[in-house]
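Asker: Contents of query_14.txt (compact mmCIF, C-alpha atoms) are below:
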```
# COMPACT_ATOMS: atom_id res chain seq x y z
CA MET Y 1 0.00 0.00 0.00
CA LYS Y 2 1.33 3.41 -0.96
CA LYS Y 3 2.16 6.05 1.64
CA GLU Y 4 -0.41 8.40 0.09
CA GLU Y 5 -3.15 5.78 0.43
CA ILE Y 6 -2.26 5.26 4.10
CA GLU Y 7 -2.28 9.04 4.68
CA ASN Y 8 -5.70 9.37 3.06
CA GLN Y 9 -7.18 6.58 5.15
CA LEU Y 10 -5.66 8.01 8.33
CA HIS Y 11 -7.06 11.44 7.44
CA ASP Y 12 -10.53 9.90 7.11
CA ILE Y 13 -10.16 8.09 10.44
CA VAL Y 14 -8.83 11.11 12.36
CA LYS Y 15 -11.36 13.64 11.03
CA VAL Y 16 -14.22 11.74 12.70
CA TYR Y 17 -12.71 12.51 16.13
CA LEU Y 18 -11.87 16.19 15.63
CA PRO Y 19 -13.46 18.68 18.01
CA GLN Y 20 -16.02 20.99 16.39
CA ASP Y 21 -13.61 23.93 16.37
CA VAL Y 22 -11.00 22.06 14.29
CA ASN Y 23 -11.40 21.76 10.54
CA ALA Y 24 -10.47 18.55 8.72
CA ASP Y 25 -8.36 20.71 6.39
CA ASP Y 26 -6.09 21.36 9.39
CA ILE Y 27 -4.88 17.74 9.37
CA GLN Y 28 -1.29 17.78 8.11
CA ALA Y 29 1.46 15.16 8.22
CA ASP Y 30 3.19 16.99 11.09
CA SER Y 31 -0.03 17.66 13.03
CA HIS Y 32 0.21 16.47 16.62
CA LEU Y 33 -2.98 14.55 17.30
CA MET Y 34 -3.57 15.95 20.78
CA GLN Y 35 -1.82 19.33 20.78
CA ASP Y 36 -2.59 20.54 17.25
CA LEU Y 37 -5.83 18.74 16.49
CA GLY Y 38 -7.33 18.67 20.00
CA ILE Y 39 -8.03 14.95 20.06
CA ASN Y 40 -8.50 13.63 23.60
CA SER Y 41 -6.88 10.50 24.98
CA ALA Y 42 -10.06 8.43 24.80
CA HIS Y 43 -10.39 9.22 21.12
CA LEU Y 44 -6.74 8.27 20.57
CA VAL Y 45 -7.68 4.76 21.65
CA ASP Y 46 -10.64 4.83 19.23
CA ILE Y 47 -8.33 6.01 16.44
CA ALA Y 48 -5.89 3.18 17.19
CA LEU Y 49 -8.73 0.63 17.05
CA ASP Y 50 -9.99 2.10 13.78
CA VAL Y 51 -6.45 1.97 12.35
CA GLU Y 52 -6.20 -1.70 13.32
CA ASP Y 53 -9.49 -2.44 11.58
CA ALA Y 54 -8.78 -0.34 8.48
CA PHE Y 55 -5.35 -1.82 7.83
CA ASP Y 56 -5.89 -5.28 9.38
CA ILE Y 57 -2.93 -4.85 11.73
CA THR Y 58 -2.37 -5.14 15.47
CA LEU Y 59 -0.94 -2.22 17.42
CA ASP Y 60 0.75 -2.86 20.74
CA GLU Y 61 0.97 -0.35 23.56
CA SER Y 62 4.29 1.06 22.38
CA ASP Y 63 2.85 1.63 18.89
CA MET Y 64 -0.10 3.52 20.35
CA GLU Y 65 2.20 5.66 22.50
CA ALA Y 66 4.32 6.44 19.44
CA MET Y 67 1.32 7.67 17.43
CA LYS Y 68 1.83 11.32 18.32
CA THR Y 69 1.56 12.88 14.86
CA VAL Y 70 -0.14 11.89 11.63
CA SER Y 71 3.29 11.16 10.14
CA ASP Y 72 4.20 8.91 13.10
CA SER Y 73 0.99 6.99 12.51
CA VAL Y 74 1.73 6.56 8.80
CA GLN Y 75 5.20 5.20 9.59
CA ILE Y 76 3.83 2.73 12.13
CA VAL Y 77 1.22 1.46 9.68
CA GLN Y 78 3.84 1.14 6.93
CA ARG Y 79 6.09 -0.86 9.27
CA LYS Y 80 3.22 -3.14 10.31
CA LEU Y 81 2.16 -3.77 6.71
CA LYS Y 82 5.61 -4.96 5.63
CA PRO Y 83 5.81 -8.77 5.43
```
Let me see the file written as structure tokens.
Answerer:
Amino acid sequence: MKKEEIENQLHDIVKVYLPQDVNADDIQADSHLMQDLGINSAHLVDIALDVEDAFDITLDESDMEAMKTVSDSVQIVQRKLKP
């Protein structure tokens, strides 16, 4: 799966959990999920579960802790998708 495809799917997953005062257009590769996009910790867990379902991967606790930015998340998914 191409990096751009992963980014697009992550964008679609993350935008569901954005607070009302944050626009989906604000989601950038270097956006920090909590600090820049205002996503709370409970929603981070939901995002991780959605990522697991969308990409058919399993994230462990260290993966979830490392998912600080959109770019971090893309890299983790890419690593997990490699055979």
Asker: Could you tell me how far CA of Asp21 in chain Y lies from CA of Asn8 in chain Y, in Å and to one decimal?
Answerer: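 Result for CA of Asp21 in chain Y versus CA of Asn8 in chain Y: 21.3 Å, one decimal.
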Asker: Find the residue from Y:Lys3, Y:His32, Y:His43, Y:His11 that sits nearest to Val77 in chain Y; use all atoms listed in the file when measuring.
Answerer: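 Nearest to Val77 in chain Y: Y:Lys3.
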Asker: Counting only C-alpha atoms, figure out which residue out of Y:Val14, Y:Glu7, Y:Ala24, Y:Gln78 gets nearest to Leu49 in chain Y.
Answerer: Y:Val14
Asker: Would you mind reading off the distance between CA of Met1 in chain Y and CA of Asp26 in chain Y, one decimal, in Å?
Answerer: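 Pair CA of Met1 in chain Y / CA of Asp26 in chain Y returns 24.1 Å.
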Asker: Mind checking which residues fall within 8 Å of Lys68 in chain Y, counting all atoms listed in the file, ignoring those fewer than 3 positions away in the same chain, and posting them as JSON, numbers by chain?
Answerer: {"Y": [32, 33, 34, 65, 72, 73]}
Asker: Mind pulling up the distance from CA of Leu18 in chain Y to CA of Arg79 in chain Y?
Answerer: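 Answer for the CA of Arg79 in chain Y to CA of Leu18 in chain Y separation: 25.6 Å.
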Asker: Smallest atom-to-atom distance to Gly38 in chain Y: which of Y:Glu61, Y:Thr69, Y:Asp56, Y:Asp50, using all atoms listed in the file?
Answerer: Y:Thr69
Asker: Give me the residues within 9 Å of Tyr17 in chain Y as a PyMOL selection string, counting all atoms listed in the file and dropping any in the same chain fewer than 6 places off.
Answerer: chain Y and resi 39-40+43-44+46-47
Asker: For a quick check of understanding, using only C-alpha atoms, which of Y:Ala42, Y:Leu59, Y:Ile76, Y:Val70 has the smallest distance to Asp12 in chain Y?
Answerer: Y:Val70
Asker: Excluding Ser71 in chain Y and any residue of its chain fewer than 4 positions from it, enumerate the residues within 8 Å of it, using all atoms listed in the file, and give them as a list in words.
Answerer: Ala29, Asp30, Ser31 and Gln75 of chain Y
Asker: Point out the residue among Y:Gln9, Y:Thr58, Y:Pro19, Y:Asp63 with the least atom-to-atom distance to Asp36 in chain Y, counting only C-alpha atoms.
Answerer: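 Between Y:Gln9, Y:Thr58, Y:Pro19, Y:Asp63, the residue approaching Asp36 in chain Y most closely is Y:Pro19.
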Asker: Ranking Y:Ile27, Y:Val74, Y:Val22, Y:Leu81 by minimum distance to Phe55 in chain Y and counting only C-alpha atoms, which one comes first?
Answerer: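 Closest candidate: Y:Leu81.
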